[in-house]
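Q: Have a look at the structure that comes next, please.
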Amino acid sequence: MSPALPDGDAAPDDGALPASVVAGADERAFGVYLHVPFCTVRCGYCDFNTYTATELGGGASQVSYAATAVREVALGARVLRDAGVPARPVSTVFVGGGTPTVLPPEDLVAMLRAVDDAWGLADDAEVTTEANPDSVTPESLAALAAGGFTRVSFGMQSAVPHVLRTLERTHDPARIPAVVRWARDAGLDVSLDLIYGTPGESLEDWRVSLEAALATGVDHVSAYALVVEQGTKMAAQVRRGELTLPDADDQAAKYELADDLLTQAGLGWYEVSNWARSAQHACRHNLAYWRGDDWWGVGPGAHSHVGGVRWWNVKHPRAYAARLDAGLSPAAGREVVDDEAAALERLMLHVRLADGMPLDELADDERGRVAGLVADGLLDGRTLLTARRLVLTRRGRLLADLVVRTLAGFGS
């Protein structure tokens, strides 16, 4: 079960945006997210807006999906043009899911070409697709690279068979070195995504996974703590006592081990859950989210943000296709982010980055709480003094949400 859409105002059927979105547009990068809502198997922990063939029912087709998404891209170009938003080339494209590579590579390339036709791709555009290790071949990866993709992010999750079984992942961990090699041979940059804290995973299991990822020589690794969302199959297994979640100390030990091994291998953290070999290997698309840039989200359930206006599409592929077939925007609702909410979001996101947040961006009452966080070892005092920036210590990264709540004055 995917999460419910947010509450918000009704979105106009034509997708029209308020005039306020124009302000400052020239100063913000513009990216595109393309959501592919299909998977061959639904993993028990997943609460993303994805569907297997048996869940879709009539009126929603993988075969016609790319053509449907292309119609939203064309609508997006018209909406931004009509709003007077200055034309900006697309700096990043991210195809996520679901499993985008369940679609044939020519469909993914067609979607990318539509983005290029609508807005133009920057000369140095980063173009990423997510993929499962068992959803690609040397030929499909070569086709993606030839079609303009520059990067692939594989959902490795673990190298340990019993952990993968608990997560209900279907790939053979022995396949990981091969798919990384195929992607690199095609000229693609490669990232591996890992999950720690699966029920039954030991610290040694986690070490095995980290070492297996590093053995491939990749230049980017994401490591996320497993979060079991209500409504998922795994949440029901935990509730029934079939699975036992690790405690906070276990999660912290695994994060620290990841940071140790990745750092020793030459990958530095640039966001709490992401490490890259250099700034050039960081995921620029995700950085755009964390820095509050603009993006258009294409697909069922996709979220967009342009000039302080945020909106989200209807969730089900059938409803999404029906609205576009009728010439309507697929947006289900939207909100205009006010100054107070924007400041809180900036705090929540910027603090998570390795380059931190300028002290001057804090309100006076927030600045008064900084000294206590330095004293508690959560913020780096030296960087605060020399660069006047808030940067998390490693302990602070483990408690990043507490840092944000403290600075914002929640619970104080």
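Ordering of the structure tokens sets the chain letters (A, B, ...); residue numbers start at 1 within each chain; ligands are numbered from 1 in the order shown.
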What residues in segment 254-325 of chain A get the DSSP label helix (DSSP H, G or I)? Please answer as an MDAnalysis selection string.
A: chainID A and resid 254:264 279:281 284:290 317:325
Q: Selection from above, N, CA, C and O atoms, as a tab-separated table (two decimals), in the first residue's frame, can you write it?
A:
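Listing of again.tsv after writing:
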chain	number	residue	atom	x	y	z
A	254	LYS	N	25.67	0.24	12.53
A	254	LYS	CA	25.75	-0.06	11.09
A	254	LYS	C	26.04	1.20	10.28
A	254	LYS	O	26.80	1.17	9.31
A	255	TYR	N	25.47	2.33	10.69
A	255	TYR	CA	25.79	3.59	10.01
A	255	TYR	C	27.27	3.92	10.18
A	255	TYR	O	27.95	4.30	9.23
A	256	GLU	N	27.76	3.79	11.39
A	256	GLU	CA	29.17	4.10	11.65
A	256	GLU	C	30.10	3.17	10.87
A	256	GLU	O	31.14	3.61	10.36
A	257	LEU	N	29.73	1.90	10.77
A	257	LEU	CA	30.55	0.98	9.99
A	257	LEU	C	30.54	1.39	8.52
A	257	LEU	O	31.60	1.38	7.86
A	258	ALA	N	29.39	1.76	8.01
A	258	ALA	CA	29.32	2.22	6.62
A	258	ALA	C	30.21	3.43	6.41
A	258	ALA	O	30.99	3.50	5.45
A	259	ASP	N	30.12	4.40	7.30
A	259	ASP	CA	30.92	5.61	7.15
A	259	ASP	C	32.41	5.29	7.22
A	259	ASP	O	33.21	5.82	6.45
A	260	ASP	N	32.79	4.39	8.12
A	260	ASP	CA	34.20	4.00	8.23
A	260	ASP	C	34.70	3.36	6.94
A	260	ASP	O	35.74	3.77	6.37
A	261	LEU	N	34.00	2.35	6.46
A	261	LEU	CA	34.47	1.60	5.30
A	261	LEU	C	34.42	2.44	4.02
A	261	LEU	O	35.35	2.38	3.19
A	262	LEU	N	33.36	3.19	3.84
A	262	LEU	CA	33.25	4.01	2.64
A	262	LEU	C	34.30	5.11	2.63
A	262	LEU	O	34.92	5.39	1.58
A	263	THR	N	34.53	5.72	3.78
A	263	THR	CA	35.55	6.77	3.86
A	263	THR	C	36.94	6.20	3.59
A	263	THR	O	37.74	6.80	2.85
A	264	GLN	N	37.23	5.04	4.18
A	264	GLN	CA	38.53	4.41	3.94
A	264	GLN	C	38.74	4.08	2.47
A	264	GLN	O	39.87	4.09	1.98
A	279	ALA	N	33.09	15.36	-5.83
A	279	ALA	CA	31.89	16.16	-6.04
A	279	ALA	C	31.26	15.85	-7.39
A	279	ALA	O	30.04	15.92	-7.56
A	280	GLN	N	32.08	15.50	-8.38
A	280	GLN	CA	31.57	15.18	-9.71
A	280	GLN	C	30.75	13.89	-9.72
A	280	GLN	O	29.95	13.67	-10.63
A	281	HIS	N	30.95	13.04	-8.73
A	281	HIS	CA	30.22	11.78	-8.68
A	281	HIS	C	28.97	11.85	-7.80
A	281	HIS	O	28.23	10.86	-7.71
A	284	ARG	N	23.55	14.82	-8.69
A	284	ARG	CA	23.14	16.22	-8.81
A	284	ARG	C	21.62	16.37	-8.74
A	284	ARG	O	21.11	17.39	-8.29
A	285	HIS	N	20.90	15.37	-9.22
A	285	HIS	CA	19.43	15.46	-9.17
A	285	HIS	C	18.95	15.52	-7.73
A	285	HIS	O	18.11	16.37	-7.38
A	286	ASN	N	19.45	14.63	-6.89
A	286	ASN	CA	19.04	14.65	-5.49
A	286	ASN	C	19.51	15.92	-4.78
A	286	ASN	O	18.80	16.46	-3.92
A	287	LEU	N	20.69	16.40	-5.12
A	287	LEU	CA	21.15	17.67	-4.55
A	287	LEU	C	20.20	18.80	-4.88
A	287	LEU	O	19.97	19.70	-4.06
A	288	ALA	N	19.62	18.76	-6.08
A	288	ALA	CA	18.65	19.80	-6.46
A	288	ALA	C	17.43	19.76	-5.55
A	288	ALA	O	16.88	20.81	-5.19
A	289	TYR	N	16.97	18.56	-5.17
A	289	TYR	CA	15.87	18.47	-4.21
A	289	TYR	C	16.27	19.10	-2.89
A	289	TYR	O	15.53	19.91	-2.31
A	290	TRP	N	17.44	18.70	-2.39
A	290	TRP	CA	17.86	19.17	-1.07
A	290	TRP	C	18.13	20.66	-1.04
A	290	TRP	O	18.03	21.30	0.01
A	317	PRO	N	-2.12	4.53	-12.06
A	317	PRO	CA	-1.81	4.69	-13.49
A	317	PRO	C	-3.06	4.79	-14.37
A	317	PRO	O	-3.04	5.49	-15.39
A	318	ARG	N	-4.14	4.12	-13.99
A	318	ARG	CA	-5.36	4.17	-14.80
A	318	ARG	C	-5.97	5.57	-14.75
A	318	ARG	O	-6.35	6.13	-15.77
A	319	ALA	N	-6.06	6.15	-13.53
A	319	ALA	CA	-6.60	7.51	-13.40
A	319	ALA	C	-5.68	8.53	-14.07
A	319	ALA	O	-6.15	9.51	-14.69
A	320	TYR	N	-4.38	8.31	-13.94
A	320	TYR	CA	-3.39	9.20	-14.57
A	320	TYR	C	-3.57	9.22	-16.08
A	320	TYR	O	-3.65	10.29	-16.71
A	321	ALA	N	-3.64	8.05	-16.68
A	321	ALA	CA	-3.80	7.96	-18.14
A	321	ALA	C	-5.12	8.57	-18.57
A	321	ALA	O	-5.20	9.27	-19.60
A	322	ALA	N	-6.18	8.33	-17.81
A	322	ALA	CA	-7.50	8.83	-18.19
A	322	ALA	C	-7.53	10.35	-18.23
A	322	ALA	O	-8.13	10.96	-19.14
A	323	ARG	N	-6.89	11.00	-17.27
A	323	ARG	CA	-6.89	12.46	-17.25
A	323	ARG	C	-6.11	13.03	-18.44
A	323	ARG	O	-6.55	13.97	-19.09
A	324	LEU	N	-4.98	12.44	-18.72
A	324	LEU	CA	-4.20	12.94	-19.86
A	324	LEU	C	-4.92	12.65	-21.18
A	324	LEU	O	-4.90	13.47	-22.10
A	325	ASP	N	-5.57	11.50	-21.27
A	325	ASP	CA	-6.34	11.18	-22.49
A	325	ASP	C	-7.46	12.20	-22.71
A	325	ASP	O	-7.83	12.48	-23.86
Q: Find, counting only C-alpha atoms, the residue in A:Ala223, A:Val160, A:Leu267, A:Leu399 that gets nearest to Asp193 of chain A.
A: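 Checking each candidate against Asp193 of chain A, we get A:Ala223 as the closest.
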Q: I'd like the neighbourhood of Arg175 of chain A as a CSV table (one decimal) with N, CA, C and O atoms, in the first residue's frame, where a residue qualifies if any of its atoms comes within 12 Å (using only C-alpha atoms), though same-chain residues fewer than 6 positions away should be ignored.
A:
chain,number,residue,atom,x,y,z
A,132,ASN,N,16.9,-2.6,-11.2
A,132,ASN,CA,17.2,-3.8,-10.5
A,132,ASN,C,18.3,-4.6,-11.2
A,132,ASN,O,18.4,-4.6,-12.4
A,133,PRO,N,19.2,-5.2,-10.4
A,133,PRO,CA,20.3,-6.0,-11.1
A,133,PRO,C,19.8,-7.1,-12.0
A,133,PRO,O,20.5,-7.4,-13.0
A,134,ASP,N,18.5,-7.6,-11.8
A,134,ASP,CA,18.0,-8.6,-12.7
A,134,ASP,C,17.1,-8.1,-13.8
A,134,ASP,O,16.4,-8.8,-14.5
A,135,SER,N,17.1,-6.7,-14.0
A,135,SER,CA,16.3,-6.1,-15.0
A,135,SER,C,17.1,-5.5,-16.1
A,135,SER,O,16.5,-4.8,-17.0
A,136,VAL,N,18.4,-5.8,-16.2
A,136,VAL,CA,19.2,-5.2,-17.3
A,136,VAL,C,20.1,-6.3,-17.9
A,136,VAL,O,20.3,-7.4,-17.4
A,137,THR,N,20.5,-6.0,-19.1
A,137,THR,CA,21.5,-6.8,-19.8
A,137,THR,C,22.6,-5.9,-20.4
A,137,THR,O,22.4,-4.7,-20.4
A,154,PHE,N,21.7,1.1,-9.2
A,154,PHE,CA,21.2,-0.2,-9.0
A,154,PHE,C,20.8,-0.4,-7.6
A,154,PHE,O,21.5,-0.1,-6.6
A,155,GLY,N,19.6,-1.1,-7.4
A,155,GLY,CA,19.1,-1.4,-6.1
A,155,GLY,C,19.7,-2.7,-5.6
A,155,GLY,O,19.1,-3.8,-5.7
A,156,MET,N,20.9,-2.6,-5.1
A,156,MET,CA,21.6,-3.8,-4.6
A,156,MET,C,21.0,-4.2,-3.3
A,156,MET,O,20.8,-5.4,-3.1
A,158,SER,N,21.6,-5.5,-0.5
A,158,SER,CA,22.4,-6.4,0.3
A,158,SER,C,23.1,-7.4,-0.6
A,158,SER,O,22.7,-7.6,-1.7
A,159,ALA,N,24.2,-7.9,0.0
A,159,ALA,CA,24.9,-9.0,-0.7
A,159,ALA,C,24.7,-10.3,0.0
A,159,ALA,O,25.3,-11.3,-0.4
A,181,ARG,N,29.9,-3.9,-14.2
A,181,ARG,CA,30.9,-3.9,-15.3
A,181,ARG,C,30.2,-3.6,-16.6
A,181,ARG,O,30.7,-2.9,-17.4
A,182,TRP,N,29.0,-4.2,-16.8
A,182,TRP,CA,28.3,-3.9,-18.0
A,182,TRP,C,27.9,-2.4,-18.2
A,182,TRP,O,28.1,-1.9,-19.3
A,212,ALA,N,31.3,-5.9,-0.5
A,212,ALA,CA,30.9,-6.4,-1.8
A,212,ALA,C,30.6,-5.2,-2.7
A,212,ALA,O,31.0,-5.2,-3.9
A,213,ALA,N,30.0,-4.2,-2.2
A,213,ALA,CA,29.7,-3.0,-3.0
A,213,ALA,C,31.0,-2.3,-3.4
A,213,ALA,O,31.3,-1.9,-4.5
A,216,THR,N,33.3,-3.6,-6.2
A,216,THR,CA,33.0,-3.3,-7.6
A,216,THR,C,33.7,-2.0,-8.1
A,216,THR,O,33.7,-1.8,-9.3
Q: So the first atom is atom CA of Gly266 of chain A and the second is atom CA of Arg382 of chain A; what is the distance between them in Å, to one decimal place?
A: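 Taking atom CA of Gly266 of chain A as the start and atom CA of Arg382 of chain A as the end point, the length is 23.1 Å.
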